[in-house]
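Participant: Quick one: the structure is below, and I'll ask about it shortly.
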Amino acid sequence: GYRWFALMNFYWWLGSQEYLGYKSITETQNQYENALKNARQMGDFYMMQKFLLSLLLKSHTVKQEKKTYAYLKELLEISTLPNLSLRQKFRGFDKIIQILATGSHIGLSRAVMRESVALAKAQTDPAFAIGAEINAGIFNTQTQNFEDAEKWFLKARQDAESLPEETDRTANLTKIFLNLGNLEGRRNNYNQAAVYYDEALELSKKNGKSPLLYEIKKSRLFNFQAAGKEDQTEPEIPSVIELAENYRKQITTEDDRNTFFDNEQSVYDLAIEHEMRGNNFERAYNYTEASSSRSLLDWLVKGTEDDFKNPAAPLDINQIREAMPPEVQILQFRVLDKKVLIWLISKEKAVSFSSEIDANELKTKTEKYLKLIETNDPQNEDAVTTLSREFYNLLIAPARLFLDESKQICIVPNKILFRLPFQSLTAPDGKFFLEEFTFFYSPSASVFISDTQNASVKAEIKEEKLLSIDNPVFDRERFPKLDVLRETEAQEIRRNYPKSEVLSERAATKNAFLTLYKNFEVIHFAGHYIVEADSPLLSKLVMAKSGEKAEDSVLTNRELRGERLPQTKLVVLSACQTGIEGYYNSEGLIGLARTFLAAGVPLVVASAWEVESEATSALMKKFHYYRRGKSLSTTQALRQAQLDMIRTPDKRFQSAYFWAAFAVFGGYADY
């Protein structure tokens, strides 16, 4: 009957379990969530605040911004309750200011900072005063009021040094020296920053396992780099990377991993750039591979998030070269702040190149190029061609003489380059890159090897049964903005497959698909896909209306995630934005194509933007004809279908808008 007492005990027990390493960040977060529900049911605002603060820090650590601000909002609401004690009110502000100050909420940050200082003064506990002083220093550092920031930090240091308990004294001084280092770094006083970071590092060792250790070592590493101290940067890189990789074991849900490592790409970028300056080609490449699409690799190797505590090891460059088929060469990219690194890897050779361009400029130009293509305005043709040639010169030309025309290319993009349709890039002689080479895409070289090996196994299945989903009759009231498809290809492409089943129009329901889809080697979907930009797992295939429940007529990424398709060789997604609806800097492509790759499908054909239905239908009919009727591989068949559209006499579908959206994702296969 002592529910409050049970919750309080649980709070301390769970914190201890996490501190001792018995529970991962993900497990702790899930259990805090359950405890918060109990506290809400009881109306216990004291325990709600404790659990919210813990969850706030967890979500902020893994960079889940929506969750972070939801917790923050609830904490602010609790802080307005009339009977809240001064200690509780201060406790709610204490962690909030550190998060608000790193964002763009300057006005709110200033208000919270001032109120927390006032609340601290109204109490006798020095810990509250020190916390408020540190927060004021952080806020002023972020707003570049460096003199005021220094005053606040030095006052906090003075107060912390007078604390009677050594543990409290050490913990506070560690945080103060870390933030003094950050302040001096912002002032470009790198030597003084290094002194403060060293003091923070020494203090962090006194209390055992410090939650600030990664932040200290990471900040110290970037300070060495900014100061140009290569000799001190070199030995620090492996230890910082090791601490980052420890988070991979602690964060066992894909969503949290993706956001956390998306933010931590700067650490790997620093390591890559440092190794390239030292001509350590292999180590630079291995850091690139270690930071690319690791969660997808875990899905392929482990098969379930339950096993993510022991992440799959990415392959190094020698393992990749040994495992890759002789018919393929890898063209892999890494976008750094001021340049793009390019690796060309095959069984015979491994060479690197670079092109100078600012990462923000590259992003702006890529987005402009995509917008011009998707607008499909003949008046933009010259602008499209100009950018297309610029991208070719930047990304392809440096390696062009070394590319083997007898081999296919596996393109491994990075960051914004996942959005770029390489097939549309134009060589100096006016040819599209697609006309020069046959190629496909993979989010990492390790994923490419895994998918290639999977494709080799599935190539033993000679008979291909086709499941074709054709133009599901969707609920017009629920999806009023969706167009009715003028033409689809499902009935015609089935002629290429002796054994096939078509779920057409009203028969193309979610239940019918889920009942059948694991029994077919080839799955073709011709219909609509809706992108939920803020929640990729909720992006969905629109199925025929079935039943009264809204979820009965859509099939989301979340529902498909974790499924295994041991029989399926190929999935063709003839719908809008099924290939790349977005990307993470670390994980690469986000979308339905990735969901099917994670399910063990070695080849997925999918799109990068909103496609035109008539052109798409024509492209897909040609694709399946070349693949089955002419016995071309999937990659060769798609290329030939696209070349046909480019070269049609009437030039009706010649624009890249009509054909360049589609690409093959996964591994190499001869089927």
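Each chain in the structure tokens gets a letter, A, B, ..., in the order shown, and its residues are numbered from 1; ligands are numbered from 1 in order too.
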So which residues touch Lys95 of chain A within 12 Å, counting only C-alpha atoms, skipping near sequence neighbours fewer than 2 positions away, as a PyMOL selection string?
Facilitator: chain A and resi 49-50+52-58+60+68+71-72+75-76+89-93+97-102+109+112-113+116+128+131-132+134-136+138
Participant: Might you pull out every residue within 9 Å of segment 497-505 of chain A, with only C-alpha atoms counted and same-chain residues fewer than 5 positions away left off, and present them as a PyMOL selection string?
Facilitator: chain A and resi 463-474+490-491+512-513+520+543-544+628
Participant: Selection from above, C-alpha atoms, as a PDB file, in the first residue's frame, can you write it?
Facilitator:
ATOM      1  CA  GLU A 463      11.800 -20.620 -60.068  1.00  0.00           C
ATOM      2  CA  GLU A 464      10.456 -17.134 -59.368  1.00  0.00           C
ATOM      3  CA  LYS A 465       6.860 -16.665 -58.295  1.00  0.00           C
ATOM      4  CA  LEU A 466       5.548 -13.110 -58.564  1.00  0.00           C
ATOM      5  CA  LEU A 467       3.192 -11.378 -56.137  1.00  0.00           C
ATOM      6  CA  SER A 468       1.953  -8.177 -57.770  1.00  0.00           C
ATOM      7  CA  ILE A 469      -0.033  -5.543 -55.883  1.00  0.00           C
ATOM      8  CA  ASP A 470      -1.973  -3.437 -58.362  1.00  0.00           C
ATOM      9  CA  ASN A 471      -3.537  -0.042 -57.648  1.00  0.00           C
ATOM     10  CA  PRO A 472      -5.283  -0.651 -54.283  1.00  0.00           C
ATOM     11  CA  VAL A 473      -8.656   1.111 -54.098  1.00  0.00           C
ATOM     12  CA  PHE A 474      -7.974   3.385 -51.151  1.00  0.00           C
ATOM     13  CA  ALA A 490       0.708  -5.231 -62.601  1.00  0.00           C
ATOM     14  CA  GLN A 491      -1.428  -7.158 -65.085  1.00  0.00           C
ATOM     15  CA  ALA A 512      -4.413 -10.339 -48.209  1.00  0.00           C
ATOM     16  CA  PHE A 513      -0.863  -9.062 -48.705  1.00  0.00           C
ATOM     17  CA  PHE A 520       7.005 -15.255 -53.216  1.00  0.00           C
ATOM     18  CA  MET A 543      -3.809  -0.562 -49.278  1.00  0.00           C
ATOM     19  CA  ALA A 544      -7.404  -1.172 -50.323  1.00  0.00           C
ATOM     20  CA  ARG A 628      12.730 -12.055 -67.498  1.00  0.00           C
TER      21      ARG A 628
END
Participant: Within 8 Å of Ser574 of chain A, counting only C-alpha atoms, which residues show up once you throw out same-chain ones fewer than 2 positions away? Write them as a CSV table (one decimal) with N, CA, C and O atoms, in the first residue's frame, please.
Facilitator:
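Writing the result to selection12.csv gives the following:
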chain,number,residue,atom,x,y,z
A,524,HIS,N,6.0,-7.1,-56.3
A,524,HIS,CA,6.0,-5.8,-57.0
A,524,HIS,C,4.8,-5.1,-56.5
A,524,HIS,O,3.6,-5.6,-56.5
A,525,PHE,N,5.0,-3.8,-56.0
A,525,PHE,CA,3.9,-3.0,-55.5
A,525,PHE,C,3.7,-1.8,-56.4
A,525,PHE,O,4.7,-1.0,-56.6
A,526,ALA,N,2.5,-1.6,-57.0
A,526,ALA,CA,2.2,-0.5,-57.8
A,526,ALA,C,1.0,0.2,-57.1
A,526,ALA,O,-0.1,-0.2,-57.2
A,527,GLY,N,1.4,1.3,-56.4
A,527,GLY,CA,0.3,2.0,-55.7
A,527,GLY,C,0.9,3.3,-55.0
A,527,GLY,O,1.8,3.9,-55.6
A,572,VAL,N,10.1,-4.8,-55.7
A,572,VAL,CA,10.0,-3.6,-56.6
A,572,VAL,C,8.9,-2.7,-56.0
A,572,VAL,O,7.8,-3.1,-56.0
A,576,CYS,N,5.8,6.4,-54.9
A,576,CYS,CA,6.6,7.6,-54.7
A,576,CYS,C,7.5,7.5,-53.4
A,576,CYS,O,7.1,7.0,-52.4
A,578,THR,N,9.9,5.7,-52.2
A,578,THR,CA,10.0,4.4,-51.5
A,578,THR,C,11.5,4.1,-51.2
A,578,THR,O,11.8,3.3,-50.4
A,605,VAL,N,14.2,-2.4,-55.7
A,605,VAL,CA,14.1,-1.3,-56.6
A,605,VAL,C,13.1,-0.3,-56.1
A,605,VAL,O,12.0,-0.7,-55.7
A,606,ALA,N,13.5,0.9,-55.9
A,606,ALA,CA,12.7,1.9,-55.3
A,606,ALA,C,13.0,3.3,-55.8
A,606,ALA,O,13.9,3.5,-56.6
A,607,SER,N,12.2,4.3,-55.4
A,607,SER,CA,12.2,5.6,-56.0
A,607,SER,C,12.7,6.7,-55.0
A,607,SER,O,12.6,6.5,-53.8
A,616,THR,N,6.1,5.8,-65.0
A,616,THR,CA,6.6,4.7,-64.1
A,616,THR,C,6.1,3.4,-64.6
A,616,THR,O,6.8,2.4,-64.6
A,620,MET,N,8.4,0.3,-65.7
A,620,MET,CA,8.4,-1.0,-65.0
A,620,MET,C,8.0,-2.2,-66.0
A,620,MET,O,8.5,-3.3,-65.8
Participant: Would you kindly return, as a list in words, each protein, DNA or RNA residue with an atom no farther than 12 Å from any atom of Glu242 of chain A, considering only C-alpha atoms and excluding same-chain residues fewer than 6 positions away?
Facilitator: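 Neighbouring residues, sequence-local ones excluded: Leu213, Tyr214, Lys217, Lys218, Glu236, Arg248, Lys249, Val267, Tyr268, Tyr287 and Ala290 of chain A.
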Participant: Taking only C-alpha atoms into account, name the residue in A:Lys66, A:Arg294, A:Arg561, A:Lys368 that is nearest to Ser444 of chain A.
Facilitator: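 Residue with the minimum atom-to-atom distance to Ser444 of chain A: A:Arg294.
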Participant: If you run DSSP on this backbone, which residues of segment 308-510 of chain A come out as strand (DSSP E or B), and could you give them as a VMD selection string?
Facilitator: chain A and resid 328 to 335 339 to 345 350 to 356 408 to 412 426 432 439 to 441 465 to 470 499 to 504 509
Participant: What is the distance between atom CA of Leu178 of chain A and atom CA of Asn585 of chain A, in Å to one decimal?
Facilitator: 27.0 Å
Participant: Show me, as a PDB file with N, CA, C and O atoms, in the first residue's frame, the residues that have an atom within 8 Å of Leu180 of chain A when counting only C-alpha atoms, minus same-chain residues fewer than 4 positions from it.
Facilitator:
ATOM      1  N   GLU A 150      32.493  33.533 -17.704  1.00  0.00           N
ATOM      2  CA  GLU A 150      33.666  33.231 -16.870  1.00  0.00           C
ATOM      3  C   GLU A 150      33.412  33.578 -15.412  1.00  0.00           C
ATOM      4  O   GLU A 150      33.774  32.822 -14.504  1.00  0.00           O
ATOM      5  N   PHE A 153      31.212  30.842 -13.872  1.00  0.00           N
ATOM      6  CA  PHE A 153      31.941  29.575 -13.663  1.00  0.00           C
ATOM      7  C   PHE A 153      32.942  29.692 -12.515  1.00  0.00           C
ATOM      8  O   PHE A 153      33.090  28.758 -11.715  1.00  0.00           O
ATOM      9  N   ILE A 176      32.385  21.914 -13.870  1.00  0.00           N
ATOM     10  CA  ILE A 176      32.825  23.310 -14.021  1.00  0.00           C
ATOM     11  C   ILE A 176      34.040  23.398 -14.947  1.00  0.00           C
ATOM     12  O   ILE A 176      34.094  24.242 -15.850  1.00  0.00           O
ATOM     13  N   GLU A 184      36.754  28.528 -23.043  1.00  0.00           N
ATOM     14  CA  GLU A 184      38.031  28.968 -23.605  1.00  0.00           C
ATOM     15  C   GLU A 184      38.185  28.509 -25.054  1.00  0.00           C
ATOM     16  O   GLU A 184      38.800  29.198 -25.874  1.00  0.00           O
ATOM     17  N   ALA A 193      42.134  26.083 -22.662  1.00  0.00           N
ATOM     18  CA  ALA A 193      41.062  25.089 -22.722  1.00  0.00           C
ATOM     19  C   ALA A 193      41.610  23.705 -22.406  1.00  0.00           C
ATOM     20  O   ALA A 193      40.991  22.931 -21.662  1.00  0.00           O
ATOM     21  N   TYR A 196      42.049  23.151 -18.686  1.00  0.00           N
ATOM     22  CA  TYR A 196      40.780  22.875 -18.009  1.00  0.00           C
ATOM     23  C   TYR A 196      40.273  21.459 -18.315  1.00  0.00           C
ATOM     24  O   TYR A 196      39.780  20.755 -17.420  1.00  0.00           O
TER      25      TYR A 196
END
Participant: Quick one: contact table of segment 321-438 of chain A to segment 631-643 of chain A, 8 Å max, nearest atom pair and distance in Å to one decimal per residue, counting only C-alpha atoms, chain and number order, as JSON lines?
Facilitator:
{"residue": "A:Leu434", "atom": "CA", "partner": "A:Arg639", "partner_atom": "CA", "distance": 7.1}
{"residue": "A:Glu435", "atom": "CA", "partner": "A:Leu643", "partner_atom": "CA", "distance": 7.2}
{"residue": "A:Thr438", "atom": "CA", "partner": "A:Gln636", "partner_atom": "CA", "distance": 6.4}
Participant: I need the chosen residues saved as a compact mmCIF listing (two decimals), in the first residue's frame, with N, CA and C atoms.
Facilitator:
# COMPACT_ATOMS: atom_id res chain seq x y z
N LEU A 434 24.69 7.08 -66.32
CA LEU A 434 23.97 5.83 -66.54
C LEU A 434 24.35 5.19 -67.88
N GLU A 435 24.65 6.03 -68.88
CA GLU A 435 25.03 5.50 -70.19
C GLU A 435 26.44 4.93 -70.19
N THR A 438 26.88 0.50 -65.47
CA THR A 438 25.78 -0.13 -64.74
C THR A 438 26.11 -0.04 -63.26
Participant: I'd like the neighbourhood of Lys621 of chain A as a PyMOL selection string, where a residue qualifies if any of its atoms comes within 8 Å (using only C-alpha atoms), though same-chain residues fewer than 5 positions away should be ignored.
Facilitator: chain A and resi 489+492-493
Participant: Hey, which of A:Phe281, A:Phe139, A:Phe623, A:Phe662 ends up closest to Ala575 of chain A? Count only C-alpha atoms.
Facilitator: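 Distance minimum relative to Ala575 of chain A lands on A:Phe662.
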Participant: Leaving out segment 369-381 of chain A and any residue of its chain fewer than 2 positions from it, which residues lie within 10 Å of it when counting only C-alpha atoms, given as a list in words?
Facilitator: Lys363, Thr364, Lys365, Thr366, Glu367, Ala383, Val384, Thr385, Thr386, Leu387, Ser388, Phe391, Arg419, Leu420, Pro421, Ser424, Ala608, Trp609, Glu610, Val611, Ser655, Ala656, Tyr657, Phe658, Ala660 and Ala661 of chain A
Participant: For the selection you just gave me, I'd like the residues written to a file as an mmCIF file, in the first residue's frame, keeping N, CA and C atoms.
Facilitator:
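The resulting file, selection.cif, is reproduced below:
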data_model
loop_
_atom_site.group_PDB
_atom_site.id
_atom_site.type_symbol
_atom_site.label_atom_id
_atom_site.label_comp_id
_atom_site.auth_asym_id
_atom_site.auth_seq_id
_atom_site.Cartn_x
_atom_site.Cartn_y
_atom_site.Cartn_z
ATOM 1 N N LYS A 363 25.218 20.558 -49.878
ATOM 2 C CA LYS A 363 23.829 20.297 -49.494
ATOM 3 C C LYS A 363 22.873 21.229 -50.245
ATOM 4 N N THR A 364 23.224 22.504 -50.292
ATOM 5 C CA THR A 364 22.377 23.482 -50.975
ATOM 6 C C THR A 364 22.240 23.154 -52.455
ATOM 7 N N LYS A 365 23.349 22.813 -53.090
ATOM 8 C CA LYS A 365 23.321 22.504 -54.526
ATOM 9 C C LYS A 365 22.545 21.221 -54.816
ATOM 10 N N THR A 366 22.696 20.228 -53.946
ATOM 11 C CA THR A 366 21.966 18.972 -54.143
ATOM 12 C C THR A 366 20.468 19.204 -54.032
ATOM 13 N N GLU A 367 20.065 19.955 -53.019
ATOM 14 C CA GLU A 367 18.638 20.237 -52.838
ATOM 15 C C GLU A 367 18.081 21.054 -54.007
ATOM 16 N N ALA A 383 19.686 24.797 -66.458
ATOM 17 C CA ALA A 383 20.158 24.816 -65.064
ATOM 18 C C ALA A 383 20.403 23.398 -64.560
ATOM 19 N N VAL A 384 19.525 22.460 -64.944
ATOM 20 C CA VAL A 384 19.695 21.061 -64.566
ATOM 21 C C VAL A 384 20.986 20.511 -65.158
ATOM 22 N N THR A 385 21.210 20.789 -66.437
ATOM 23 C CA THR A 385 22.411 20.293 -67.109
ATOM 24 C C THR A 385 23.676 20.864 -66.485
ATOM 25 N N THR A 386 23.654 22.138 -66.152
ATOM 26 C CA THR A 386 24.828 22.784 -65.543
ATOM 27 C C THR A 386 25.186 22.130 -64.215
ATOM 28 N N LEU A 387 24.191 21.946 -63.357
ATOM 29 C CA LEU A 387 24.449 21.316 -62.056
ATOM 30 C C LEU A 387 24.835 19.853 -62.220
ATOM 31 N N SER A 388 24.210 19.190 -63.173
ATOM 32 C CA SER A 388 24.504 17.784 -63.418
ATOM 33 C C SER A 388 25.972 17.593 -63.790
ATOM 34 N N PHE A 391 28.236 18.263 -60.700
ATOM 35 C CA PHE A 391 28.304 17.107 -59.799
ATOM 36 C C PHE A 391 29.190 16.000 -60.388
ATOM 37 N N ARG A 419 20.733 11.578 -51.356
ATOM 38 C CA ARG A 419 19.604 12.145 -52.111
ATOM 39 C C ARG A 419 19.936 12.340 -53.584
ATOM 40 N N LEU A 420 21.204 12.277 -53.943
ATOM 41 C CA LEU A 420 21.619 12.628 -55.296
ATOM 42 C C LEU A 420 21.421 11.456 -56.263
ATOM 43 N N PRO A 421 20.680 11.638 -57.368
ATOM 44 C CA PRO A 421 20.529 10.571 -58.369
ATOM 45 C C PRO A 421 21.760 10.529 -59.285
ATOM 46 N N SER A 424 21.741 10.406 -63.174
ATOM 47 C CA SER A 424 21.403 11.566 -63.998
ATOM 48 C C SER A 424 22.586 12.499 -64.226
ATOM 49 N N ALA A 608 13.144 7.815 -55.534
ATOM 50 C CA ALA A 608 13.691 8.885 -54.696
ATOM 51 C C ALA A 608 12.782 10.096 -54.602
ATOM 52 N N TRP A 609 11.752 10.187 -55.454
ATOM 53 C CA TRP A 609 10.836 11.331 -55.377
ATOM 54 C C TRP A 609 9.455 10.917 -55.869
ATOM 55 N N GLU A 610 8.529 11.887 -55.911
ATOM 56 C CA GLU A 610 7.157 11.607 -56.337
ATOM 57 C C GLU A 610 7.148 11.382 -57.844
ATOM 58 N N VAL A 611 6.863 10.161 -58.237
ATOM 59 C CA VAL A 611 6.997 9.770 -59.641
ATOM 60 C C VAL A 611 5.673 9.933 -60.395
ATOM 61 N N SER A 655 13.260 13.427 -70.001
ATOM 62 C CA SER A 655 13.678 14.188 -68.819
ATOM 63 C C SER A 655 14.000 13.248 -67.658
ATOM 64 N N ALA A 656 15.040 13.584 -66.906
ATOM 65 C CA ALA A 656 15.453 12.766 -65.760
ATOM 66 C C ALA A 656 14.326 12.592 -64.748
ATOM 67 N N TYR A 657 13.406 13.533 -64.717
ATOM 68 C CA TYR A 657 12.272 13.435 -63.802
ATOM 69 C C TYR A 657 11.526 12.113 -63.974
ATOM 70 N N PHE A 658 11.404 11.636 -65.205
ATOM 71 C CA PHE A 658 10.586 10.459 -65.489
ATOM 72 C C PHE A 658 11.299 9.139 -65.172
ATOM 73 N N ALA A 660 14.913 8.872 -63.670
ATOM 74 C CA ALA A 660 16.072 8.838 -62.764
ATOM 75 C C ALA A 660 15.706 8.621 -61.303
ATOM 76 N N ALA A 661 14.411 8.631 -60.988
ATOM 77 C CA ALA A 661 14.017 8.427 -59.584
ATOM 78 C C ALA A 661 14.315 7.014 -59.111
#
Participant: Please report, as a PyMOL selection string, each residue of segment 476-660 of chain A to which DSSP assigns alpha helix (DSSP H) when run on this structure's backbone.
Facilitator: chain A and resi 490-493+510-516+557-560+592-598+613-624+634-646+656-659
Participant: Could you check the closest approach to Ser456 of chain A for each of A:Lys510, A:Lys569, A:Lys37, A:His528 and tell me which residue wins, using only C-alpha atoms?
Facilitator: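 Closest residue, counting only C-alpha atoms: A:Lys569.
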Participant: To one decimal place in Å, what is the distance between atom CA of Ala6 of chain A and atom CA of Gln88 of chain A?
Facilitator: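 Pair atom CA of Ala6 of chain A / atom CA of Gln88 of chain A returns 19.9 Å.
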Participant: Quick check, in Å to one decimal: how far apart do atom CA of Gly103 of chain A and atom CA of Arg187 of chain A lie?
Facilitator: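 Those two atoms sit 19.6 Å apart.
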